[in-house]
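One file, query.cif, is given below (mmCIF, C-alpha atoms).
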data_final
#
loop_
_atom_site.label_atom_id
_atom_site.label_comp_id
_atom_site.auth_asym_id
_atom_site.auth_seq_id
_atom_site.Cartn_x
_atom_site.Cartn_y
_atom_site.Cartn_z
CA MET A 1 -5.14 -76.05 41.50
CA ASP A 2 -8.40 -74.89 43.03
CA PRO A 3 -7.90 -72.52 46.00
CA GLN A 4 -10.41 -74.46 48.11
CA HIS A 5 -8.00 -77.39 48.02
CA LYS A 6 -5.12 -75.27 49.27
CA ARG A 7 -4.70 -73.67 52.67
CA ALA A 8 -8.33 -74.34 53.64
CA GLY A 9 -7.04 -76.79 56.25
CA VAL A 10 -9.16 -79.21 58.22
CA ARG A 11 -12.43 -77.55 59.19
CA ARG A 12 -13.83 -80.28 61.40
CA LEU A 13 -12.55 -79.40 64.82
CA ALA A 14 -12.12 -82.32 67.17
CA ARG A 15 -12.66 -81.10 70.68
CA GLY A 16 -13.53 -84.42 72.32
CA ALA A 17 -10.46 -84.72 74.54
CA ALA A 18 -10.77 -81.30 76.12
CA ALA A 19 -14.51 -81.69 76.60
CA ALA A 20 -14.17 -85.11 78.22
CA ALA A 21 -11.45 -83.94 80.56
CA ALA A 22 -13.47 -80.89 81.55
CA SER A 23 -16.51 -83.03 82.22
CA ALA A 24 -14.51 -85.36 84.43
CA ALA A 25 -13.31 -82.40 86.43
CA LEU A 26 -16.89 -81.54 87.31
CA VAL A 27 -17.63 -84.91 88.88
CA SER A 28 -18.38 -84.63 92.65
CA GLY A 29 -15.30 -83.75 94.70
CA THR A 30 -12.21 -81.77 93.86
CA VAL A 31 -10.04 -83.02 90.98
CA THR A 32 -6.35 -82.33 90.67
CA GLY A 33 -6.75 -80.81 87.20
CA VAL A 34 -5.70 -81.66 83.68
CA GLY A 35 -2.57 -80.38 81.92
CA ALA A 36 -3.14 -79.47 78.28
CA ALA A 37 -0.07 -80.65 76.38
CA GLN A 38 -1.54 -80.45 72.86
CA ALA A 39 -2.66 -77.71 70.47
CA ALA A 40 -5.97 -75.96 71.01
CA GLU A 41 -7.32 -77.49 67.78
CA PRO A 42 -6.53 -81.21 67.62
CA ARG A 43 -6.16 -82.99 64.34
CA ALA A 44 -8.71 -85.19 62.64
CA PRO A 45 -8.71 -88.95 63.23
CA ALA A 46 -5.61 -90.81 62.11
CA PRO A 47 -6.06 -93.00 59.00
CA THR A 48 -7.24 -96.46 59.96
CA GLY A 49 -4.79 -98.12 57.58
CA ALA A 50 -1.71 -96.70 59.27
CA ALA A 51 -1.51 -99.52 61.83
CA PRO A 52 -0.76 -97.25 64.78
CA SER A 53 0.86 -98.58 67.92
CA ALA A 54 -1.31 -99.48 70.86
CA PRO A 55 -1.77 -96.48 73.16
CA ALA A 56 -0.26 -96.51 76.61
CA PRO A 57 -1.52 -94.80 79.78
CA VAL A 58 -0.61 -91.16 80.33
CA ALA A 59 -0.37 -89.84 83.86
CA VAL A 60 -1.28 -86.19 84.51
CA THR A 61 -0.45 -85.02 88.03
CA GLN A 62 -0.96 -81.27 88.08
CA PRO A 63 -2.08 -80.06 91.53
CA LEU A 64 -5.18 -77.91 91.70
CA ALA A 65 -4.54 -74.28 92.60
CA PRO A 66 -6.36 -72.91 95.65
CA THR A 67 -9.66 -71.18 94.98
CA GLY A 68 -9.06 -67.75 93.49
CA ALA A 69 -5.38 -68.37 92.83
CA ALA A 70 -3.83 -68.46 89.40
CA PRO A 71 -3.48 -72.09 88.22
CA SER A 72 0.00 -73.53 88.08
CA ALA A 73 1.61 -74.45 84.77
CA PRO A 74 0.60 -77.86 83.37
CA ALA A 75 2.87 -80.70 84.40
CA PRO A 76 4.63 -82.67 81.65
CA VAL A 77 2.71 -85.55 80.12
CA ALA A 78 4.66 -88.82 80.16
CA VAL A 79 3.98 -91.08 77.17
CA THR A 80 5.16 -94.68 77.11
CA GLN A 81 5.54 -95.66 73.45
CA PRO A 82 4.94 -99.39 72.84
CA PRO A 83 6.55 -101.34 69.99
CA ALA A 84 5.81 -99.94 66.54
CA PRO A 85 6.90 -100.43 62.91
CA THR A 86 10.55 -101.30 62.41
CA PRO A 87 12.38 -98.08 61.49
CA ALA A 88 13.89 -97.85 58.04
CA THR A 89 17.67 -97.79 58.22
CA THR A 90 19.84 -95.72 55.91
CA PRO A 91 23.38 -94.57 56.67
CA ALA A 92 23.55 -90.95 57.77
CA ASP A 93 24.68 -88.59 55.03
CA GLU A 94 25.61 -84.94 55.09
CA GLY A 95 23.36 -82.66 53.10
CA VAL A 96 20.53 -85.17 52.68
CA PRO A 97 17.21 -83.60 51.59
CA ALA A 98 14.96 -82.17 54.27
CA PHE A 99 11.25 -82.93 54.38
CA GLY A 100 8.17 -81.61 56.11
CA VAL A 101 4.42 -81.38 55.78
CA PHE A 102 2.02 -78.50 55.44
CA LEU A 103 -0.41 -78.79 58.36
CA LYS A 104 -1.87 -75.27 58.68
CA SER A 105 -0.70 -71.74 57.86
CA ASP A 106 -1.06 -70.26 61.34
CA ALA A 107 0.18 -71.29 64.78
CA ARG A 108 -1.74 -74.57 64.55
CA GLY A 109 0.66 -75.69 61.83
CA VAL A 110 3.56 -75.36 64.25
CA ALA A 111 1.62 -77.03 67.08
CA ARG A 112 0.79 -80.05 64.91
CA MET A 113 4.33 -80.80 63.78
CA PRO A 114 5.35 -82.63 67.00
CA LEU A 115 2.17 -84.71 66.75
CA PHE A 116 2.95 -85.65 63.16
CA SER A 117 6.51 -86.50 64.19
CA HIS A 118 5.17 -88.69 67.01
CA TRP A 119 2.96 -90.49 64.46
CA LEU A 120 6.12 -91.16 62.46
CA GLY A 121 7.82 -92.75 65.44
CA GLY A 122 9.86 -89.70 66.30
CA THR A 123 11.09 -88.87 62.80
CA GLU A 124 11.81 -85.16 62.89
CA LEU A 125 10.35 -82.69 60.43
CA ARG A 126 13.15 -80.36 59.38
CA VAL A 127 10.98 -78.18 57.14
CA GLY A 128 8.29 -75.81 58.36
CA HIS A 129 6.06 -74.65 55.49
CA THR A 130 3.50 -71.86 55.61
CA TYR A 131 1.81 -69.29 53.37
CA LEU A 132 1.40 -65.57 53.83
CA PRO A 133 -2.23 -64.55 53.31
CA GLY A 134 -2.76 -62.66 50.08
CA HIS A 135 -5.83 -60.60 50.93
CA ARG A 136 -4.17 -57.21 51.38
CA TRP A 137 -0.65 -55.80 51.21
CA ARG A 138 -0.39 -55.69 55.00
CA ASP A 139 -0.71 -59.50 54.95
CA ILE A 140 2.00 -59.86 52.31
CA GLU A 141 4.30 -57.66 54.38
CA GLY A 142 4.24 -60.41 57.02
CA ALA A 143 2.45 -59.43 60.19
CA PRO A 144 4.76 -60.10 63.18
CA ASP A 145 2.03 -61.96 65.07
CA PHE A 146 1.85 -64.37 62.11
CA LEU A 147 5.58 -64.85 61.53
CA ASP A 148 6.81 -64.91 65.15
CA ILE A 149 5.90 -68.49 65.96
CA TRP A 150 7.35 -69.81 62.69
CA ALA A 151 10.58 -67.93 63.29
CA HIS A 152 10.76 -69.31 66.82
CA TRP A 153 10.32 -72.87 65.53
CA ARG A 154 12.99 -72.37 62.86
CA ASN A 155 15.52 -71.01 65.35
CA GLU A 156 15.13 -73.81 67.88
CA LYS A 157 17.48 -76.01 65.79
CA ALA A 158 20.21 -75.03 63.35
CA ASP A 159 19.33 -77.62 60.69
CA ARG A 160 15.73 -76.53 60.28
CA MET A 161 14.38 -74.77 57.20
CA LEU A 162 11.51 -72.27 56.96
CA VAL A 163 9.67 -72.27 53.63
CA LEU A 164 7.38 -69.27 53.11
CA ASN A 165 5.02 -68.90 50.15
CA VAL A 166 4.75 -65.21 49.30
CA PRO A 167 2.03 -63.80 46.99
CA MET A 168 3.10 -61.15 44.49
CA GLN A 169 -0.22 -59.30 44.55
CA GLU A 170 -2.99 -58.52 47.01
CA ARG A 171 -6.51 -59.90 46.38
CA ASN A 172 -4.61 -62.98 45.31
CA GLU A 173 -7.54 -65.41 45.15
CA GLU A 174 -10.35 -63.00 44.27
CA GLY A 175 -10.78 -63.78 40.58
CA VAL A 176 -9.16 -60.63 39.22
CA SER A 177 -9.55 -60.35 35.43
CA ASP A 178 -6.70 -60.88 32.98
CA GLY A 179 -6.84 -57.24 31.97
CA GLU A 180 -6.37 -56.04 35.52
CA VAL A 181 -3.68 -58.64 36.22
CA ARG A 182 -1.79 -57.41 33.16
CA GLN A 183 -1.96 -53.85 34.46
CA LEU A 184 -0.83 -54.90 37.95
CA LEU A 185 2.12 -56.86 36.57
CA ARG A 186 3.28 -53.82 34.63
CA GLN A 187 2.95 -51.66 37.74
CA GLY A 188 5.02 -54.18 39.66
CA ALA A 189 7.64 -54.30 36.92
CA ALA A 190 7.90 -50.50 37.22
CA GLY A 191 8.62 -50.76 40.95
CA GLU A 192 5.32 -49.55 42.40
CA PHE A 193 5.13 -52.38 44.95
CA ASP A 194 8.79 -52.65 45.93
CA HIS A 195 8.29 -51.16 49.39
CA HIS A 196 5.96 -53.97 50.49
CA PHE A 197 8.61 -56.59 49.85
CA ARG A 198 11.28 -54.51 51.54
CA VAL A 199 9.12 -54.46 54.67
CA LEU A 200 8.76 -58.24 54.52
CA ALA A 201 12.50 -58.76 54.09
CA GLU A 202 13.31 -56.45 57.00
CA ARG A 203 10.85 -58.29 59.25
CA LEU A 204 12.29 -61.70 58.40
CA VAL A 205 15.82 -60.47 59.11
CA LYS A 206 14.68 -58.90 62.38
CA LEU A 207 13.05 -62.21 63.38
CA LYS A 208 16.42 -63.92 62.77
CA VAL A 209 15.21 -66.03 59.84
CA PRO A 210 17.27 -64.39 57.07
CA ASP A 211 17.77 -67.74 55.31
CA THR A 212 14.05 -68.33 54.68
CA VAL A 213 13.19 -70.06 51.40
CA ILE A 214 10.79 -67.71 49.59
CA VAL A 215 8.37 -69.50 47.25
CA LEU A 216 7.43 -66.37 45.34
CA GLY A 217 4.38 -66.25 43.07
CA TRP A 218 3.86 -70.01 43.09
CA GLU A 219 1.83 -71.80 40.39
CA MET A 220 2.19 -68.78 38.14
CA ASN A 221 1.47 -70.93 35.08
CA GLY A 222 -2.15 -71.45 36.17
CA THR A 223 -5.25 -69.26 36.34
CA THR A 224 -6.06 -69.23 40.06
CA TYR A 225 -3.94 -66.39 41.41
CA THR A 226 -3.68 -62.68 40.79
CA HIS A 227 0.09 -63.23 40.57
CA ARG A 228 -0.32 -65.47 37.51
CA CYS A 229 2.07 -65.06 34.60
CA GLY A 230 -0.18 -65.71 31.59
CA PRO A 231 -1.58 -62.21 30.89
CA ASP A 232 1.94 -60.74 30.43
CA PRO A 233 4.93 -63.10 30.87
CA GLU A 234 7.53 -60.41 30.15
CA ALA A 235 6.10 -58.06 32.79
CA TRP A 236 5.83 -60.97 35.22
CA LYS A 237 9.52 -61.79 34.85
CA LYS A 238 10.55 -58.18 35.30
CA TYR A 239 8.34 -57.94 38.38
CA TRP A 240 9.86 -61.11 39.89
CA ASN A 241 13.34 -59.69 39.32
CA ARG A 242 12.41 -56.40 41.02
CA ILE A 243 11.05 -58.22 44.08
CA VAL A 244 14.14 -60.42 44.42
CA THR A 245 16.48 -57.47 43.93
CA THR A 246 14.56 -55.45 46.53
CA MET A 247 14.59 -58.23 49.15
CA ARG A 248 18.26 -59.02 48.54
CA SER A 249 19.14 -55.36 49.14
CA VAL A 250 18.18 -55.64 52.83
CA PRO A 251 21.29 -55.99 55.04
CA GLY A 252 21.69 -59.40 56.66
CA GLN A 253 19.47 -61.32 54.27
CA LYS A 254 20.37 -64.80 52.99
CA PHE A 255 17.08 -65.61 51.25
CA GLN A 256 16.71 -68.41 48.72
CA PHE A 257 14.11 -67.80 46.01
CA ASP A 258 12.17 -70.82 44.78
CA PHE A 259 10.51 -70.61 41.33
CA THR A 260 7.62 -73.09 41.62
CA PRO A 261 5.08 -73.74 38.84
CA SER A 262 2.45 -76.45 38.93
CA ARG A 263 3.23 -79.63 37.03
CA GLY A 264 2.30 -79.69 33.34
CA GLN A 265 1.49 -76.92 30.93
CA ASP A 266 -1.61 -75.57 32.68
CA ALA A 267 -2.56 -72.18 31.18
CA ILE A 268 0.94 -71.39 29.87
CA PRO A 269 4.19 -73.36 29.64
CA TRP A 270 6.00 -72.52 32.86
CA THR A 271 9.32 -72.18 31.07
CA LYS A 272 7.96 -68.97 29.48
CA CYS A 273 7.75 -67.47 32.97
CA TYR A 274 11.27 -68.37 34.10
CA PRO A 275 12.87 -65.06 35.16
CA GLY A 276 16.52 -66.07 34.80
CA ASP A 277 19.28 -67.79 36.74
CA ASP A 278 20.47 -64.66 38.54
CA THR A 279 17.28 -64.33 40.59
CA VAL A 280 16.36 -68.00 41.07
CA ASP A 281 18.05 -70.25 43.64
CA ILE A 282 15.77 -73.31 43.49
CA ILE A 283 13.43 -74.60 40.78
CA GLY A 284 10.42 -76.20 42.43
CA MET A 285 7.26 -77.90 41.26
CA ASP A 286 3.84 -78.39 42.87
CA SER A 287 2.83 -81.90 41.82
CA TYR A 288 -0.41 -83.57 42.90
CA ASP A 289 -1.87 -86.89 41.72
CA GLN A 290 -4.03 -85.45 38.95
CA PRO A 291 -5.80 -85.35 36.53
CA ASN A 292 -8.15 -88.27 36.97
CA GLY A 293 -6.80 -91.43 35.36
CA MET A 294 -3.26 -90.14 34.74
CA SER A 295 -0.62 -92.65 35.79
CA PHE A 296 2.59 -91.63 37.51
CA ASP A 297 4.54 -92.56 34.38
CA GLN A 298 2.41 -90.10 32.43
CA GLN A 299 3.04 -87.43 35.06
CA VAL A 300 6.74 -87.98 34.47
CA LYS A 301 6.60 -87.88 30.67
CA GLU A 302 3.91 -85.26 29.98
CA PRO A 303 5.00 -81.91 28.49
CA TYR A 304 6.39 -79.73 31.30
CA GLY A 305 6.02 -82.67 33.68
CA LEU A 306 8.32 -84.19 36.30
CA GLN A 307 11.09 -85.19 33.87
CA HIS A 308 11.09 -81.80 32.16
CA HIS A 309 11.35 -80.17 35.59
CA VAL A 310 14.41 -82.23 36.55
CA ASP A 311 16.08 -81.71 33.18
CA PHE A 312 15.39 -77.96 33.14
CA ALA A 313 16.83 -77.49 36.63
CA LYS A 314 19.93 -79.51 35.74
CA ALA A 315 20.48 -77.44 32.59
CA HIS A 316 20.33 -74.27 34.70
CA GLY A 317 22.51 -75.61 37.50
CA LYS A 318 19.76 -75.36 40.14
CA PRO A 319 18.52 -77.77 42.82
CA ILE A 320 14.90 -78.87 42.67
CA SER A 321 12.15 -78.88 45.30
CA TYR A 322 8.57 -80.05 45.78
CA PRO A 323 6.89 -77.45 48.02
CA GLU A 324 3.47 -79.07 47.46
CA TRP A 325 2.69 -82.67 46.60
CA GLY A 326 0.12 -85.24 47.58
CA LEU A 327 -2.92 -87.24 46.58
CA PHE A 328 -5.82 -85.72 44.69
CA ARG A 329 -8.02 -86.76 41.75
CA ASN A 330 -7.19 -90.47 41.88
CA GLY A 331 -8.12 -91.03 45.51
CA ASP A 332 -6.20 -93.28 47.86
CA ASN A 333 -3.52 -94.15 45.33
CA ALA A 334 -0.74 -96.07 47.07
CA GLU A 335 1.09 -96.58 43.76
CA TYR A 336 1.37 -92.80 43.33
CA MET A 337 2.66 -92.48 46.89
CA ARG A 338 5.26 -95.22 46.34
CA SER A 339 6.34 -93.76 42.99
CA MET A 340 6.62 -90.18 44.26
CA LEU A 341 8.74 -91.25 47.23
CA ALA A 342 10.98 -93.26 44.90
CA TRP A 343 11.22 -90.32 42.49
CA MET A 344 12.42 -88.04 45.28
CA GLU A 345 14.87 -90.66 46.46
CA GLU A 346 16.38 -90.73 42.99
CA TYR A 347 16.48 -86.99 42.28
CA LYS A 348 17.04 -85.70 45.82
CA PRO A 349 15.22 -82.36 45.98
CA ARG A 350 16.55 -79.67 48.30
CA TYR A 351 13.35 -80.21 50.31
CA ASN A 352 9.81 -81.52 49.93
CA THR A 353 6.64 -80.81 51.86
CA LEU A 354 3.58 -83.03 51.61
CA THR A 355 0.24 -81.19 51.73
CA ASP A 356 -1.53 -82.88 54.62
CA TYR A 357 -5.28 -82.36 54.67
CA CYS A 358 -8.11 -83.91 52.68
CA PRO A 359 -8.06 -84.89 49.90
CA HIS A 360 -4.25 -84.76 49.70
CA GLY A 361 -3.00 -85.93 53.07
CA VAL A 362 -2.03 -89.06 54.97
CA TRP A 363 -2.39 -87.98 58.61
CA GLN A 364 -5.23 -85.48 58.95
CA CYS A 365 -7.29 -87.31 56.32
CA GLY A 366 -8.76 -90.74 57.11
CA ALA A 367 -9.85 -91.23 53.49
CA ASN A 368 -6.41 -92.43 52.35
CA PRO A 369 -5.52 -95.45 54.53
CA LYS A 370 -3.40 -97.32 51.95
CA SER A 371 -1.28 -94.29 51.09
CA SER A 372 -1.06 -93.36 54.76
CA HIS A 373 0.22 -96.84 55.63
CA LEU A 374 2.86 -96.67 52.91
CA TYR A 375 4.05 -93.15 53.74
CA ARG A 376 4.29 -93.93 57.45
CA SER A 377 6.13 -97.21 56.84
CA ALA A 378 8.69 -95.47 54.61
CA LEU A 379 9.50 -92.70 57.09
CA PHE A 380 8.86 -94.26 60.48
CA GLY A 381 11.60 -93.80 63.06
CA ARG A 382 14.17 -92.23 60.78
CA SER A 383 16.94 -90.43 62.63
CA ASP A 384 19.25 -89.71 59.70
CA GLN A 385 16.68 -87.69 57.71
CA ALA A 386 17.72 -89.43 54.52
CA THR A 387 15.20 -89.85 51.73
CA PRO A 388 12.83 -92.84 51.86
CA PRO A 389 13.96 -96.22 50.55
CA LEU A 390 12.73 -97.30 47.13
CA THR A 391 10.70 -100.09 48.72
CA PRO A 392 9.27 -98.82 52.03
CA THR A 393 9.77 -101.07 55.02
CA PRO A 394 6.50 -102.96 55.63
CA THR A 395 4.71 -102.20 58.87
CA PRO A 396 4.50 -105.37 60.99
CA THR A 397 1.30 -106.50 62.62
CA PRO A 398 0.70 -104.22 65.60
CA PRO A 399 0.97 -105.73 69.06
CA PRO A 400 -2.18 -106.42 71.08
CA PRO A 401 -3.58 -103.53 73.10
CA SER A 402 -1.45 -102.56 76.05
CA THR A 403 -2.35 -104.15 79.35
CA THR A 404 -0.05 -101.85 81.32
CA PRO A 405 -2.02 -100.82 84.42
CA PRO A 406 -2.45 -97.10 85.06
CA PRO A 407 -0.41 -95.50 87.86
CA ALA A 408 -1.72 -95.89 91.41
CA ASP A 409 -4.66 -93.63 92.33
CA CYS A 410 -5.04 -92.65 88.65
CA THR A 411 -8.40 -93.18 86.94
CA PRO A 412 -8.21 -93.72 83.14
CA LEU A 413 -10.72 -91.87 80.93
CA ASP A 414 -12.37 -93.53 77.96
CA LEU A 415 -12.05 -90.81 75.30
CA GLY A 416 -12.42 -93.01 72.23
CA SER A 417 -9.75 -94.60 70.08
CA TRP A 418 -8.97 -91.67 67.78
CA VAL A 419 -8.62 -89.19 70.64
CA GLU A 420 -6.21 -91.58 72.35
CA GLU A 421 -4.32 -91.87 69.03
CA TRP A 422 -4.06 -88.07 68.92
CA LEU A 423 -2.93 -87.84 72.55
CA GLY A 424 -0.42 -90.64 72.09
CA GLY A 425 -2.01 -92.78 74.79
CA LYS A 426 -4.77 -92.95 77.37
CA LEU A 427 -5.45 -90.01 79.63
CA CYS A 428 -5.82 -90.70 83.32
CA LEU A 429 -6.67 -88.32 86.15
CA ARG A 430 -5.46 -88.47 89.73
CA PHE A 431 -8.13 -87.37 92.22
CA ASP A 432 -7.26 -85.82 95.59
CA TRP A 433 -10.44 -85.69 97.63
CA SER A 434 -10.64 -83.01 100.28
#
Reformat the file's structure so that it appears as structure tokens.
Amino acid sequence: MDPQHKRAGVRRLARGAAAAAASAALVSGTVTGVGAAQAAEPRAPAPTGAAPSAPAPVAVTQPLAPTGAAPSAPAPVAVTQPPAPTPATTPADEGVPAFGVFLKSDARGVARMPLFSHWLGGTELRVGHTYLPGHRWRDIEGAPDFLDIWAHWRNEKADRMLVLNVPMQERNEEGVSDGEVRQLLRQGAAGEFDHHFRVLAERLVKLKVPDTVIVLGWEMNGTTYTHRCGPDPEAWKKYWNRIVTTMRSVPGQKFQFDFTPSRGQDAIPWTKCYPGDDTVDIIGMDSYDQPNGMSFDQQVKEPYGLQHHVDFAKAHGKPISYPEWGLFRNGDNAEYMRSMLAWMEEYKPRYNTLTDYCPHGVWQCGANPKSSHLYRSALFGRSDQATPPLTPTPTPTPPPPSTTPPPADCTPLDLGSWVEEWLGGKLCLRFDWS
């Protein structure tokens, strides 16, 4: 798939909340201050079709530090959550598939996960998914300032999973020719790049995330990446095996390697790139709603499609995964969303991560209200982390706007509906005049 539709993220930065709060602080008199409880870059407006709950007042009571003194830490923000969609109920089950969403590669991806979880009524995301940049080898080695925050998130809870897409070559999206790719693959197969992957493995172990799922050389059956398989499949397989062997040689590692083509034949049948059962732990597939006009049933039955993926993995005794999936060429397609959720319920991948930005997403993209409504209804309020039901629980009509008065001596700010949706309620400031 086109690189501009990958980790480009959401480029429209919504800074309304911070600006409004700062402006209020400049009104005549001394204000008690505003605690920033959210990420520096807020998300885009929530889809209008998701039927969000009515926001409730939020009290912020941070005292203002004396002039010239260092400000005190922000006080906690209390959010009163009003009634929302009825949670889906499924009996808890050991080993049920984990799910997550891709929200951004850097620290903003981690910061947005609690907000996405709040939008889902508290349903916890057990999978954190990010991509190492593929510009230069130093990026692929995993800079500590990039990996630290992801490792910290993973280690906060034992049942979490870190999924890390790792390029196999530098200049990974720079349009390198087939001839040069062929040469690079042969160099890799001969071991010339082993040391870069050893550095990455050592860093992950040092950061105490030795069980990271490595999505190595993803979508190798296409034409986008310098780590593509097509110019020399045999060299590609040998190179994959060298990387896996190198990373597994690092003491303390427990990595799982996920072989993940894009759905369909693309430039080369992905089965021709399969490096063998000894160096593959999971067989994944990136599957978006494309091409234009293709039904979900066709996506299942096409050569090298969803059914072939499931059958191939079963024949090789491997679990499946969907590291990337979401809407695309067919717009706000609720039938695709319903069918993909049902497919994953039936075949139970080890994990799945929805790509959440336009045009693929349901939370950071307001262009997909029907699919957003369906996705949110299926996963709202789940505490057992089981897969979604075949027929998602309908979202009931939302209650009227909250009439709960703000706390005493607390002045509510009118920040606009989408900012209040992002904050999880209204923001109010307590003024202490001196």
Can you translate the PyMOL selection byres ((chain A and resi 341) around 12) into the concrete residues it hits in this file, as an MDAnalysis selection string? chainID A and resid 99 296 322 325:326 334:340 342:349 352:354 371 374:379 386:392
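One distance worth recording is that between atom CA of Val176 of chain A and atom CA of Asp232 of chain A, which is 14.2 Å.
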Using the chain letters and numbers from the file, which residues does the PyMOL selection byres ((chain A and resi 222) around 12) grab, as a PyMOL selection string? chain A and resi 1-3+178+217-221+223-231+260-270+273+286
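When the PyMOL selection byres ((chain A and resi 350) around 7) is run on the displayed coordinates, the residues it returns are Pro97, Ala98, Pro319, Ile320, Ser321, Lys348, Pro349 and Tyr351 of chain A.
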As a count of residues only, please: the residues near segment 135-142 of chain A (cut-off 9 Å, all atoms listed in the file, same-chain neighbours under 5 positions excluded). 18
Using only C-alpha atoms, which of the listed residues (A:Phe380, A:Phe328, A:Trp153, A:Phe257) sits closest to Pro291 of chain A? A:Phe328
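If you look at atom CA of Phe193 of chain A and atom CA of Trp236 of chain A, they are 13.0 Å away from each other.
In this comparison, which uses all atoms listed in the file, the residue of A:Asp311, A:Glu324, A:Asp297, A:Asp258 approaching Gly361 of chain A most closely is A:Glu324.
Going from atom CA of His373 of chain A to atom CA of Leu327 of chain A covers 13.6 Å.
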